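Printed here is target_8.cif (mmCIF, C-alpha atoms):
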```cif
data_structure
#
loop_
_atom_site.label_atom_id
_atom_site.label_comp_id
_atom_site.auth_asym_id
_atom_site.auth_seq_id
_atom_site.Cartn_x
_atom_site.Cartn_y
_atom_site.Cartn_z
CA MET N 12 -68.51 -74.84 -5.44
CA PRO N 13 -65.00 -74.17 -6.82
CA LYS N 14 -63.46 -76.77 -9.10
CA PRO N 15 -60.93 -79.26 -7.60
CA ARG N 16 -58.11 -77.88 -9.76
CA GLU N 17 -58.68 -74.36 -8.44
CA LEU N 18 -58.82 -75.65 -4.85
CA ARG N 19 -55.54 -77.53 -5.31
CA ARG N 20 -53.89 -74.34 -6.57
CA ARG N 21 -55.17 -72.37 -3.56
CA ILE N 22 -53.99 -75.07 -1.14
CA LYS N 23 -50.48 -74.98 -2.62
CA SER N 24 -50.44 -71.19 -2.41
CA VAL N 25 -51.42 -71.16 1.28
CA GLN N 26 -48.89 -73.91 2.03
CA SER N 27 -46.15 -71.79 0.49
CA THR N 28 -47.25 -68.81 2.58
CA ARG N 29 -47.25 -70.95 5.73
CA LYS N 30 -43.66 -72.04 5.05
CA ILE N 31 -42.61 -68.37 4.80
CA THR N 32 -44.39 -67.31 7.98
CA LYS N 33 -43.05 -70.33 9.88
CA THR N 34 -39.50 -69.52 8.77
CA MET N 35 -39.91 -65.87 9.82
CA GLU N 36 -41.27 -67.00 13.19
CA LEU N 37 -38.21 -69.21 13.77
CA VAL N 38 -35.80 -66.45 12.71
CA ALA N 39 -37.50 -63.91 15.01
CA THR N 40 -37.38 -66.41 17.88
CA SER N 41 -33.63 -66.97 17.46
CA LYS N 42 -32.93 -63.21 17.25
CA LEU N 43 -35.23 -62.46 20.20
CA LYS N 44 -33.03 -64.34 22.67
CA ARG N 45 -29.98 -62.22 21.80
CA ALA N 46 -32.06 -59.04 21.89
CA GLN N 47 -33.40 -59.96 25.34
CA ASP N 48 -29.84 -60.47 26.56
CA ARG N 49 -28.93 -56.95 25.40
CA VAL N 50 -31.95 -55.51 27.25
CA VAL N 51 -31.12 -57.36 30.46
CA ALA N 52 -27.46 -56.33 30.23
CA ALA N 53 -28.34 -52.64 29.75
CA ARG N 54 -30.68 -52.28 32.73
CA PRO N 55 -28.26 -52.74 35.69
CA TYR N 56 -25.78 -50.28 34.19
CA ALA N 57 -28.50 -47.66 33.73
CA ALA N 58 -29.75 -48.22 37.27
CA ALA N 59 -26.23 -47.83 38.69
CA LEU N 60 -25.69 -44.62 36.72
CA ALA N 61 -28.98 -43.18 37.97
CA GLU N 62 -28.12 -44.07 41.57
CA VAL N 63 -24.66 -42.47 41.44
CA ILE N 64 -25.98 -39.31 39.80
CA GLY N 65 -28.75 -39.14 42.39
CA ASP N 66 -26.22 -39.39 45.21
CA LEU N 67 -23.97 -36.72 43.70
CA TYR N 68 -26.80 -34.32 42.92
CA SER N 69 -27.25 -31.09 44.82
CA PRO N 70 -29.10 -27.85 43.96
CA GLU N 71 -25.79 -25.99 43.87
CA LEU N 72 -24.38 -28.39 41.29
CA ALA N 73 -27.58 -28.30 39.22
CA GLU N 74 -27.00 -24.63 38.48
CA ARG N 75 -23.59 -25.38 36.96
CA PHE N 76 -24.65 -28.12 34.52
CA PRO N 77 -27.01 -27.29 31.63
CA LEU N 78 -28.20 -30.91 31.38
CA LEU N 79 -29.76 -30.54 34.84
CA ARG N 80 -31.52 -27.26 33.99
CA GLN N 81 -35.25 -27.61 34.72
CA PRO N 82 -37.83 -25.63 32.71
CA ARG N 83 -39.23 -22.62 34.50
CA ASP N 84 -42.85 -22.58 35.58
CA GLY N 85 -45.25 -20.58 33.46
CA THR N 86 -43.09 -20.67 30.31
CA ALA N 87 -44.83 -23.54 28.49
CA GLY N 88 -45.92 -21.29 25.64
CA SER N 89 -42.32 -20.50 24.69
CA GLN N 90 -40.83 -23.95 25.20
CA ARG N 91 -39.28 -26.07 22.45
CA VAL N 92 -39.30 -29.83 22.86
CA ALA N 93 -37.57 -32.44 20.70
CA LEU N 94 -39.48 -35.71 20.32
CA LEU N 95 -37.45 -38.76 19.28
CA LEU N 96 -39.68 -41.54 17.88
CA ILE N 97 -38.15 -45.02 17.54
CA THR N 98 -39.90 -47.42 15.14
CA SER N 99 -38.77 -50.38 13.04
CA ASN N 100 -37.64 -50.54 9.44
CA ARG N 101 -39.81 -53.56 8.67
CA GLY N 102 -43.42 -54.55 9.10
CA LEU N 103 -45.13 -57.94 9.56
CA CYS N 104 -45.26 -57.27 13.30
CA GLY N 105 -48.94 -56.64 13.95
CA ALA N 106 -49.85 -53.26 15.44
CA PHE N 107 -46.35 -52.66 16.84
CA ASN N 108 -45.44 -49.61 14.74
CA ALA N 109 -49.02 -48.31 14.70
CA ASN N 110 -49.06 -48.22 18.51
CA LEU N 111 -45.75 -46.32 18.63
CA ILE N 112 -46.95 -43.79 16.05
CA ARG N 113 -50.23 -43.37 17.95
CA GLU N 114 -48.32 -42.66 21.16
CA ALA N 115 -46.09 -40.14 19.36
CA ARG N 116 -49.12 -38.35 17.89
CA ARG N 117 -50.78 -38.27 21.32
CA ARG N 118 -47.67 -36.73 22.85
CA ILE N 119 -47.33 -34.19 20.04
CA GLU N 120 -50.97 -33.14 20.40
CA GLU N 121 -50.55 -32.89 24.18
CA LEU N 122 -47.47 -30.67 23.90
CA GLU N 123 -48.85 -28.49 21.13
CA GLY N 124 -52.05 -28.10 23.13
CA GLN N 125 -49.87 -26.46 25.81
CA GLY N 126 -48.37 -24.09 23.23
CA VAL N 127 -45.07 -25.99 23.03
CA THR N 128 -43.15 -26.11 19.74
CA VAL N 129 -42.34 -29.75 18.90
CA GLN N 130 -39.31 -30.78 16.87
CA LEU N 131 -39.74 -34.33 15.50
CA HIS N 132 -36.84 -36.79 15.08
CA ILE N 133 -37.57 -40.31 13.79
CA VAL N 134 -35.71 -43.63 13.73
CA GLY N 135 -37.10 -46.33 11.42
CA LYS N 136 -38.74 -46.42 7.99
CA LYS N 137 -42.26 -47.01 9.30
CA GLY N 138 -42.37 -43.82 11.35
CA ILE N 139 -40.71 -41.80 8.59
CA THR N 140 -43.20 -43.07 5.99
CA PHE N 141 -46.22 -42.24 8.15
CA PHE N 142 -45.23 -38.69 9.03
CA LYS N 143 -44.13 -38.05 5.45
CA PHE N 144 -47.62 -39.09 4.34
CA ALA N 145 -49.09 -36.88 7.09
CA LYS N 146 -46.96 -33.99 5.76
CA ARG N 147 -45.39 -33.44 9.19
CA PRO N 148 -41.95 -31.77 9.09
CA VAL N 149 -39.18 -34.06 10.36
CA ALA N 150 -36.01 -32.49 11.76
CA SER N 151 -33.88 -35.64 11.34
CA GLN N 152 -34.33 -39.27 10.37
CA ARG N 153 -32.32 -42.49 10.56
CA ILE N 154 -32.96 -45.84 8.85
CA ASP N 155 -29.53 -47.46 9.27
CA ILE N 156 -29.77 -48.68 12.87
CA GLY N 157 -31.80 -51.88 12.42
CA ASP N 158 -32.36 -54.49 15.14
CA LYS N 159 -28.78 -54.45 16.48
CA PRO N 160 -28.31 -50.97 17.95
CA THR N 161 -25.03 -49.98 19.56
CA ALA N 162 -23.89 -47.32 22.00
CA ALA N 163 -22.37 -45.47 19.04
CA HIS N 164 -25.80 -45.24 17.41
CA ALA N 165 -27.25 -43.79 20.61
CA ALA N 166 -24.44 -41.22 20.82
CA GLU N 167 -25.01 -40.16 17.20
CA LEU N 168 -28.74 -39.74 17.84
CA VAL N 169 -28.65 -37.81 21.09
CA GLY N 170 -25.39 -35.87 20.63
CA PRO N 171 -26.89 -33.05 18.54
CA LEU N 172 -29.93 -32.90 20.84
CA MET N 173 -27.72 -32.52 23.92
CA ALA N 174 -25.77 -29.76 22.19
CA GLN N 175 -28.98 -27.89 21.37
CA PHE N 176 -30.26 -28.35 24.92
CA GLU N 177 -27.03 -27.03 26.43
CA ALA N 178 -27.14 -24.04 24.07
CA GLY N 179 -30.71 -23.25 25.13
CA ALA N 180 -32.24 -24.06 21.73
CA LEU N 181 -34.29 -26.85 23.33
CA ASP N 182 -36.08 -26.98 26.67
CA ALA N 183 -36.69 -30.73 26.82
CA VAL N 184 -36.16 -34.00 24.94
CA ASP N 185 -38.70 -36.85 24.96
CA VAL N 186 -38.26 -40.36 23.58
CA VAL N 187 -41.15 -42.55 22.39
CA PHE N 188 -40.18 -46.23 22.34
CA ALA N 189 -41.55 -49.70 23.10
CA ARG N 190 -40.79 -50.78 26.66
CA PHE N 191 -39.90 -54.48 26.64
CA ARG N 192 -41.62 -56.32 29.48
CA SER N 193 -41.99 -59.67 27.74
CA ALA N 194 -42.34 -61.02 24.22
CA VAL N 195 -46.09 -60.37 24.35
CA SER N 196 -46.09 -57.16 26.43
CA THR N 197 -44.39 -54.19 24.76
CA PRO N 198 -46.38 -51.05 25.61
CA PRO N 199 -45.41 -47.80 23.87
CA THR N 200 -43.80 -45.44 26.37
CA THR N 201 -42.83 -41.77 26.47
CA LEU N 202 -39.69 -41.01 28.48
CA ARG N 203 -38.23 -37.55 29.17
CA ILE N 204 -34.44 -37.83 29.03
CA LEU N 205 -33.63 -34.10 29.17
CA PRO N 206 -33.50 -32.31 31.47
CA ILE N 207 -32.08 -34.99 33.76
CA THR N 208 -34.08 -35.40 36.96
CA PRO N 209 -31.98 -37.40 39.46
CA LEU N 210 -33.67 -39.95 41.67
CA GLY N 211 -34.92 -38.34 44.86
CA ALA N 212 -33.93 -34.87 43.68
CA ASP N 213 -37.09 -33.49 45.22
CA GLY N 214 -36.18 -34.40 48.75
CA GLY N 215 -33.35 -35.46 51.06
CA THR N 216 -29.79 -34.31 51.23
CA ARG N 217 -27.21 -35.11 48.61
CA LEU N 218 -23.49 -35.46 48.38
CA THR N 219 -21.88 -32.05 48.30
CA PRO N 220 -18.53 -31.36 46.69
CA ASP N 221 -15.44 -30.82 48.77
CA ALA N 222 -14.47 -27.23 49.45
CA SER N 223 -11.37 -27.61 47.29
CA PRO N 224 -12.37 -28.82 43.80
CA GLY N 225 -9.08 -30.63 43.22
CA SER N 226 -9.05 -32.71 46.40
CA PRO N 227 -11.01 -35.88 47.18
CA GLY N 228 -14.03 -35.60 49.44
CA LEU N 229 -16.00 -38.06 51.56
CA ARG N 230 -19.61 -37.17 52.12
CA PRO N 231 -22.57 -39.22 53.33
CA GLY N 232 -25.99 -38.63 51.78
CA SER N 233 -29.51 -39.90 52.11
CA VAL N 234 -31.99 -41.07 49.50
CA GLY N 235 -35.66 -40.89 50.42
CA GLY N 236 -34.89 -40.89 54.13
CA ARG N 237 -32.43 -43.80 54.02
CA PRO N 238 -28.64 -43.44 54.13
CA SER N 239 -26.91 -43.65 50.77
CA ALA N 240 -23.45 -44.99 50.05
CA PHE N 241 -20.24 -43.24 51.07
CA TYR N 242 -18.22 -42.01 48.11
CA ILE N 243 -14.65 -40.84 47.85
CA LEU N 244 -14.93 -38.05 45.31
CA LYS N 245 -11.82 -37.64 43.26
CA PRO N 246 -11.02 -35.24 41.70
CA SER N 247 -14.40 -33.59 42.50
CA ALA N 248 -18.14 -33.99 42.17
CA GLU N 249 -18.18 -31.44 39.33
CA ALA N 250 -15.63 -33.38 37.30
CA ILE N 251 -17.46 -36.65 37.88
CA LEU N 252 -20.85 -35.24 36.93
CA ALA N 253 -19.39 -33.63 33.82
CA GLN N 254 -18.58 -37.15 32.58
CA LEU N 255 -21.58 -39.01 34.00
CA LEU N 256 -24.41 -36.75 32.83
CA PRO N 257 -23.81 -37.10 29.04
CA LEU N 258 -23.09 -40.80 29.58
CA TYR N 259 -26.41 -41.19 31.39
CA VAL N 260 -28.37 -39.51 28.57
CA ARG N 261 -26.65 -41.64 25.92
CA ASN N 262 -27.39 -44.76 27.95
CA GLN N 263 -31.08 -43.84 28.21
CA VAL N 264 -31.30 -43.60 24.42
CA TYR N 265 -29.36 -46.85 24.03
CA ARG N 266 -31.82 -48.58 26.36
CA ALA N 267 -34.72 -47.24 24.32
CA LEU N 268 -33.12 -48.58 21.14
CA VAL N 269 -32.41 -52.08 22.46
CA GLU N 270 -35.80 -52.38 24.14
CA THR N 271 -37.59 -51.32 20.95
CA ALA N 272 -35.52 -53.81 18.91
CA ALA N 273 -36.39 -56.64 21.30
CA ALA N 274 -40.05 -55.58 21.37
CA PHE N 275 -40.16 -55.58 17.55
CA LEU N 276 -38.81 -59.12 17.38
CA GLY N 277 -41.30 -60.26 20.02
CA ALA N 278 -44.17 -58.64 18.10
CA GLN N 279 -42.96 -60.15 14.83
CA ARG N 280 -42.70 -63.62 16.34
CA THR N 281 -46.23 -63.36 17.73
CA ALA N 282 -47.61 -62.04 14.41
CA MET N 283 -45.88 -64.76 12.37
CA LYS N 284 -47.07 -67.48 14.76
CA ASN N 285 -50.64 -66.23 14.41
CA ALA N 286 -50.24 -66.12 10.63
CA THR N 287 -48.88 -69.69 10.59
CA ASP N 288 -51.76 -70.93 12.72
CA ASN N 289 -54.30 -69.13 10.52
CA ALA N 290 -52.72 -70.59 7.38
CA GLY N 291 -53.05 -74.08 8.88
CA GLU N 292 -56.75 -73.49 9.55
CA ILE N 293 -57.29 -72.21 6.00
CA ILE N 294 -55.49 -75.25 4.54
CA GLU N 295 -57.67 -77.56 6.62
CA LEU N 296 -60.82 -75.80 5.44
CA LEU N 297 -59.71 -75.86 1.79
CA GLN N 298 -58.77 -79.53 2.08
CA ARG N 299 -62.25 -80.41 3.33
CA THR N 300 -63.81 -78.36 0.54
CA TYR N 301 -61.57 -80.09 -2.00
CA ASN N 302 -62.52 -83.53 -0.68
CA ARG N 303 -66.21 -82.69 -0.96
CA ALA N 304 -65.76 -81.36 -4.50
CA ARG N 305 -63.74 -84.42 -5.49
CA GLN N 306 -66.33 -86.73 -3.94
CA ALA N 307 -69.14 -84.95 -5.77
CA GLN N 308 -67.22 -85.23 -9.04
CA ILE N 309 -66.63 -88.96 -8.57
CA THR N 310 -70.30 -89.51 -7.65
CA GLN N 311 -71.38 -87.65 -10.78
CA GLU N 312 -69.04 -89.74 -12.98
CA ILE N 313 -70.36 -92.99 -11.45
CA ALA N 314 -73.95 -91.84 -12.02
CA GLU N 315 -73.15 -91.05 -15.68
CA ILE N 316 -71.57 -94.48 -16.19
CA VAL N 317 -74.52 -96.27 -14.59
CA GLY N 318 -76.97 -94.19 -16.63
CA GLY N 319 -75.09 -94.98 -19.86
CA ALA N 320 -75.08 -98.71 -19.06
CA GLU N 321 -78.82 -98.67 -18.38
CA ALA N 322 -79.40 -96.83 -21.65
CA LEU N 323 -77.49 -99.53 -23.59
CA LYS N 324 -79.57 -102.25 -21.97
CA GLY N 325 -82.77 -100.54 -22.91
#
```

Represent the supplied structure as structure tokens.
Amino acid sequence: MPKPRELRRRIKSVQSTRKITKTMELVATSKLKRAQDRVVAARPYAAALAEVIGDLYSPELAERFPLLRQPRDGTAGSQRVALLLITSNRGLCGAFNANLIREARRRIEELEGQGVTVQLHIVGKKGITFFKFAKRPVASQRIDIGDKPTAAHAAELVGPLMAQFEAGALDAVDVVFARFRSAVSTPPTTLRILPITPLGADGGTRLTPDASPGSPGLRPGSVGGRPSAFYILKPSAEAILAQLLPLYVRNQVYRALVETAAAFLGAQRTAMKNATDNAGEIIELLQRTYNRARQAQITQEIAEIVGGAEALKG
């Protein structure tokens, strides 16, 4: 049995650790609320953008915008895909980063199994460190975004990728991120952001531009068999899509950033709560062990005193 002095030292050490984990849990909880607000605020805007683009989409317009260019069938062997992996800069969040890296590796293996050339882009120190250790070439990396991403960060990330896609250097762009469902449910997700596939693009009619590009048009459409909204197109559908399509791609990346940031804080809060609870159980166990050791020591001292007194009497 360990000595009481050693047990006291271990108890103090675990108590100090519990204070740290409890503080980190409280900090993550306070940050999580603001991160959740950013996620909730980003979703309606993205949904509205997708709906408008879906209503404006038509096969004729798709041929004029590179961001809508779909890969041709039977050309998988010559395709080049950029994979953007979003991880965190810090750990102490359980298996959060490991799950994201596992999903990225699964996607890379799937694409390379089809003969596709994969270009890897990483956000976050944890992903960069892993693939550097795995000796996997990384096309670009960012560690300055943190847990408060902005629309400017998203534009800086996806701008070069959009330029390469428009120039034909890339055939698709995938994003691996943590989808935020709740603080305890953050599954890793792969999302294809380029080429853009409008909602309902595989069926139903769409808004068509006016015959004269400079004049407003009013066209009804249908989405999945139901009537869509009426739009007054001014100056033209082409001009509107030219602004909306890059905005939509940037917004998709921004959503991935804010959802991953919120998911990280949720995972960190859960991990720190578990660590705090475990530290409490360890302290309780050590305290019982210390009490037993102290009791045994006192019993031994009493026995020695009684034995000495009996020896003096004899």

Check your understanding: Any chance you could work out the residue set of the PyMOL selection byres ((chain N and resi 114-117) around 10) here, as an NGL selection string?
Key -> :N and (94-97 or 108-113 or 118-123 or 131 or 138 or 142 or 185-189 or 198-201)

Point to revise | Interatomic distance, CA of Val134 (chain N) to CA of Pro82 (chain N) (Å, one decimal) | key: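 Going from CA of Val134 (chain N) over to CA of Pro82 (chain N), I get 26.2 Å.
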
**Study point:** N:Leu255, N:Ala248, N:Leu297, N:Ile133 ranked by distance to Leu268 (chain N), top pick (using all atoms listed in the file)
**Key:**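 Looking at the shortest contact to Leu268 (chain N), the residue is N:Ile133.
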
Check your understanding: Looking at all atoms listed in the file, which of N:Leu296, N:Ile204, N:Val184, N:Ala282 is the one that sits closest to Tyr265 (chain N)?
Key ->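 Smallest separation from Tyr265 (chain N) among the options: N:Ile204.
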
Practice item. Please check which residues have atoms at most 10 Å from (-64.9, -76.3, -7.5) in the file's coordinates, counting all atoms listed in the file, and write them as a PyMOL selection string. Key: chain N and resi 12-19+300-301+303-305+307-308

Produce a file of the selected residues containing C-alpha atoms, as a tab-separated table (two decimals), in the coordinates of the input.
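Result went into again-v7.tsv, see below:
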```tsv
chain	number	residue	atom	x	y	z
N	12	MET	CA	-68.51	-74.84	-5.44
N	13	PRO	CA	-65.00	-74.17	-6.82
N	14	LYS	CA	-63.46	-76.77	-9.10
N	15	PRO	CA	-60.93	-79.26	-7.60
N	16	ARG	CA	-58.11	-77.88	-9.76
N	17	GLU	CA	-58.68	-74.36	-8.44
N	18	LEU	CA	-58.82	-75.65	-4.85
N	19	ARG	CA	-55.54	-77.53	-5.31
N	300	THR	CA	-63.81	-78.36	0.54
N	301	TYR	CA	-61.57	-80.09	-2.00
N	303	ARG	CA	-66.21	-82.69	-0.96
N	304	ALA	CA	-65.76	-81.36	-4.50
N	305	ARG	CA	-63.74	-84.42	-5.49
N	307	ALA	CA	-69.14	-84.95	-5.77
N	308	GLN	CA	-67.22	-85.23	-9.04
```

Check your understanding: In terms of the shortest atom-to-atom distance over all atoms listed in the file, which of N:Met35, N:Ala59, N:Ile22, N:Ala150 is closest to Thr287 (chain N)?
Key ->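 So, comparing all the options, the nearest one is N:Met35.
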
Point to revise | 9 Å contact set for Phe275 (chain N), only C-alpha atoms, chain neighbours under 3 positions out, as a VMD selection string | key: chain N and resid 43 98 to 99 104 107 to 108 158 189 194 197 270 to 272 278 to 280

Next, dump the selected residues to file, keeping only C-alpha atoms, as a PDB file, in the coordinates of the input.
```pdb
ATOM      1  CA  LEU N  43     -35.230 -62.460  20.200  1.00  0.00           C
ATOM      2  CA  THR N  98     -39.900 -47.420  15.140  1.00  0.00           C
ATOM      3  CA  SER N  99     -38.770 -50.380  13.040  1.00  0.00           C
ATOM      4  CA  CYS N 104     -45.260 -57.270  13.300  1.00  0.00           C
ATOM      5  CA  PHE N 107     -46.350 -52.660  16.840  1.00  0.00           C
ATOM      6  CA  ASN N 108     -45.440 -49.610  14.740  1.00  0.00           C
ATOM      7  CA  ASP N 158     -32.360 -54.490  15.140  1.00  0.00           C
ATOM      8  CA  ALA N 189     -41.550 -49.700  23.100  1.00  0.00           C
ATOM      9  CA  ALA N 194     -42.340 -61.020  24.220  1.00  0.00           C
ATOM     10  CA  THR N 197     -44.390 -54.190  24.760  1.00  0.00           C
ATOM     11  CA  GLU N 270     -35.800 -52.380  24.140  1.00  0.00           C
ATOM     12  CA  THR N 271     -37.590 -51.320  20.950  1.00  0.00           C
ATOM     13  CA  ALA N 272     -35.520 -53.810  18.910  1.00  0.00           C
ATOM     14  CA  ALA N 278     -44.170 -58.640  18.100  1.00  0.00           C
ATOM     15  CA  GLN N 279     -42.960 -60.150  14.830  1.00  0.00           C
ATOM     16  CA  ARG N 280     -42.700 -63.620  16.340  1.00  0.00           C
TER      17      ARG N 280
END
```

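Using all atoms listed in the file, the nearest neighbour of Asn262 (chain N) within the list N:Arg45, N:Lys136, N:Arg20, N:Arg54 is N:Arg54.
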
Review point. Mind telling me what the PyMOL selection byres ((chain N and resi 286) around 10) catches here, as a list of chain:residue names?
Key: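 For this structure, the PyMOL selection byres ((chain N and resi 286) around 10) captures N:Thr28, N:Arg29, N:Ile31, N:Thr32, N:Lys33, N:Glu36, N:Leu103, N:Arg280, N:Thr281, N:Ala282, N:Met283, N:Lys284, N:Asn285, N:Thr287, N:Asp288, N:Asn289, N:Ala290, N:Gly291, N:Glu292.
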
Reconstructed region 264-272 of chain N, atom set all heavy atoms, as an mmCIF file, in the frame of the given file:
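Saved file result00.cif follows:
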```cif
data_model
loop_
_atom_site.group_PDB
_atom_site.id
_atom_site.type_symbol
_atom_site.label_atom_id
_atom_site.label_comp_id
_atom_site.auth_asym_id
_atom_site.auth_seq_id
_atom_site.Cartn_x
_atom_site.Cartn_y
_atom_site.Cartn_z
ATOM 1 N N VAL N 264 -30.921 -43.412 25.815
ATOM 2 C CA VAL N 264 -31.300 -43.600 24.420
ATOM 3 C C VAL N 264 -30.917 -45.005 23.950
ATOM 4 O O VAL N 264 -31.670 -45.657 23.213
ATOM 5 C CB VAL N 264 -30.633 -42.533 23.525
ATOM 6 C CG1 VAL N 264 -30.934 -42.788 22.052
ATOM 7 C CG2 VAL N 264 -31.110 -41.143 23.923
ATOM 8 N N TYR N 265 -29.769 -45.489 24.393
ATOM 9 C CA TYR N 265 -29.360 -46.850 24.030
ATOM 10 C C TYR N 265 -30.361 -47.873 24.558
ATOM 11 O O TYR N 265 -30.741 -48.823 23.860
ATOM 12 C CB TYR N 265 -27.966 -47.139 24.579
ATOM 13 C CG TYR N 265 -27.530 -48.576 24.386
ATOM 14 C CD1 TYR N 265 -27.224 -49.068 23.116
ATOM 15 C CD2 TYR N 265 -27.429 -49.446 25.470
ATOM 16 C CE1 TYR N 265 -26.840 -50.385 22.935
ATOM 17 C CE2 TYR N 265 -27.043 -50.753 25.296
ATOM 18 C CZ TYR N 265 -26.753 -51.224 24.023
ATOM 19 O OH TYR N 265 -26.375 -52.535 23.851
ATOM 20 N N ARG N 266 -30.805 -47.681 25.799
ATOM 21 C CA ARG N 266 -31.820 -48.580 26.360
ATOM 22 C C ARG N 266 -33.099 -48.547 25.546
ATOM 23 O O ARG N 266 -33.727 -49.575 25.295
ATOM 24 C CB ARG N 266 -32.125 -48.194 27.807
ATOM 25 C CG ARG N 266 -31.144 -48.719 28.827
ATOM 26 C CD ARG N 266 -31.681 -48.480 30.226
ATOM 27 N NE ARG N 266 -32.964 -49.115 30.419
ATOM 28 C CZ ARG N 266 -33.848 -48.766 31.362
ATOM 29 N NH1 ARG N 266 -33.586 -47.751 32.163
ATOM 30 N NH2 ARG N 266 -34.981 -49.408 31.482
ATOM 31 N N ALA N 267 -33.509 -47.349 25.136
ATOM 32 C CA ALA N 267 -34.720 -47.240 24.320
ATOM 33 C C ALA N 267 -34.562 -47.981 22.997
ATOM 34 O O ALA N 267 -35.495 -48.646 22.526
ATOM 35 C CB ALA N 267 -35.049 -45.765 24.077
ATOM 36 N N LEU N 268 -33.366 -47.893 22.406
ATOM 37 C CA LEU N 268 -33.120 -48.580 21.140
ATOM 38 C C LEU N 268 -33.160 -50.093 21.296
ATOM 39 O O LEU N 268 -33.809 -50.797 20.513
ATOM 40 C CB LEU N 268 -31.766 -48.152 20.562
ATOM 41 C CG LEU N 268 -31.662 -46.730 20.009
ATOM 42 C CD1 LEU N 268 -30.223 -46.399 19.668
ATOM 43 C CD2 LEU N 268 -32.550 -46.556 18.784
ATOM 44 N N VAL N 269 -32.462 -50.623 22.310
ATOM 45 C CA VAL N 269 -32.410 -52.080 22.460
ATOM 46 C C VAL N 269 -33.763 -52.638 22.898
ATOM 47 O O VAL N 269 -34.157 -53.747 22.486
ATOM 48 C CB VAL N 269 -31.296 -52.494 23.451
ATOM 49 C CG1 VAL N 269 -29.931 -52.113 22.908
ATOM 50 C CG2 VAL N 269 -31.508 -51.911 24.835
ATOM 51 N N GLU N 270 -34.496 -51.893 23.724
ATOM 52 C CA GLU N 270 -35.800 -52.380 24.140
ATOM 53 C C GLU N 270 -36.785 -52.372 22.975
ATOM 54 O O GLU N 270 -37.599 -53.299 22.832
ATOM 55 C CB GLU N 270 -36.341 -51.544 25.306
ATOM 56 C CG GLU N 270 -35.545 -51.712 26.582
ATOM 57 C CD GLU N 270 -36.368 -51.437 27.842
ATOM 58 O OE1 GLU N 270 -37.598 -51.493 27.758
ATOM 59 O OE2 GLU N 270 -35.760 -51.181 28.885
ATOM 60 N N THR N 271 -36.722 -51.354 22.119
ATOM 61 C CA THR N 271 -37.590 -51.320 20.950
ATOM 62 C C THR N 271 -37.234 -52.443 19.977
ATOM 63 O O THR N 271 -38.124 -53.069 19.381
ATOM 64 C CB THR N 271 -37.495 -49.961 20.241
ATOM 65 O OG1 THR N 271 -37.849 -48.922 21.170
ATOM 66 C CG2 THR N 271 -38.425 -49.890 19.048
ATOM 67 N N ALA N 272 -35.939 -52.714 19.804
ATOM 68 C CA ALA N 272 -35.520 -53.810 18.910
ATOM 69 C C ALA N 272 -36.027 -55.148 19.423
ATOM 70 O O ALA N 272 -36.542 -55.973 18.653
ATOM 71 C CB ALA N 272 -33.997 -53.820 18.777
#
```
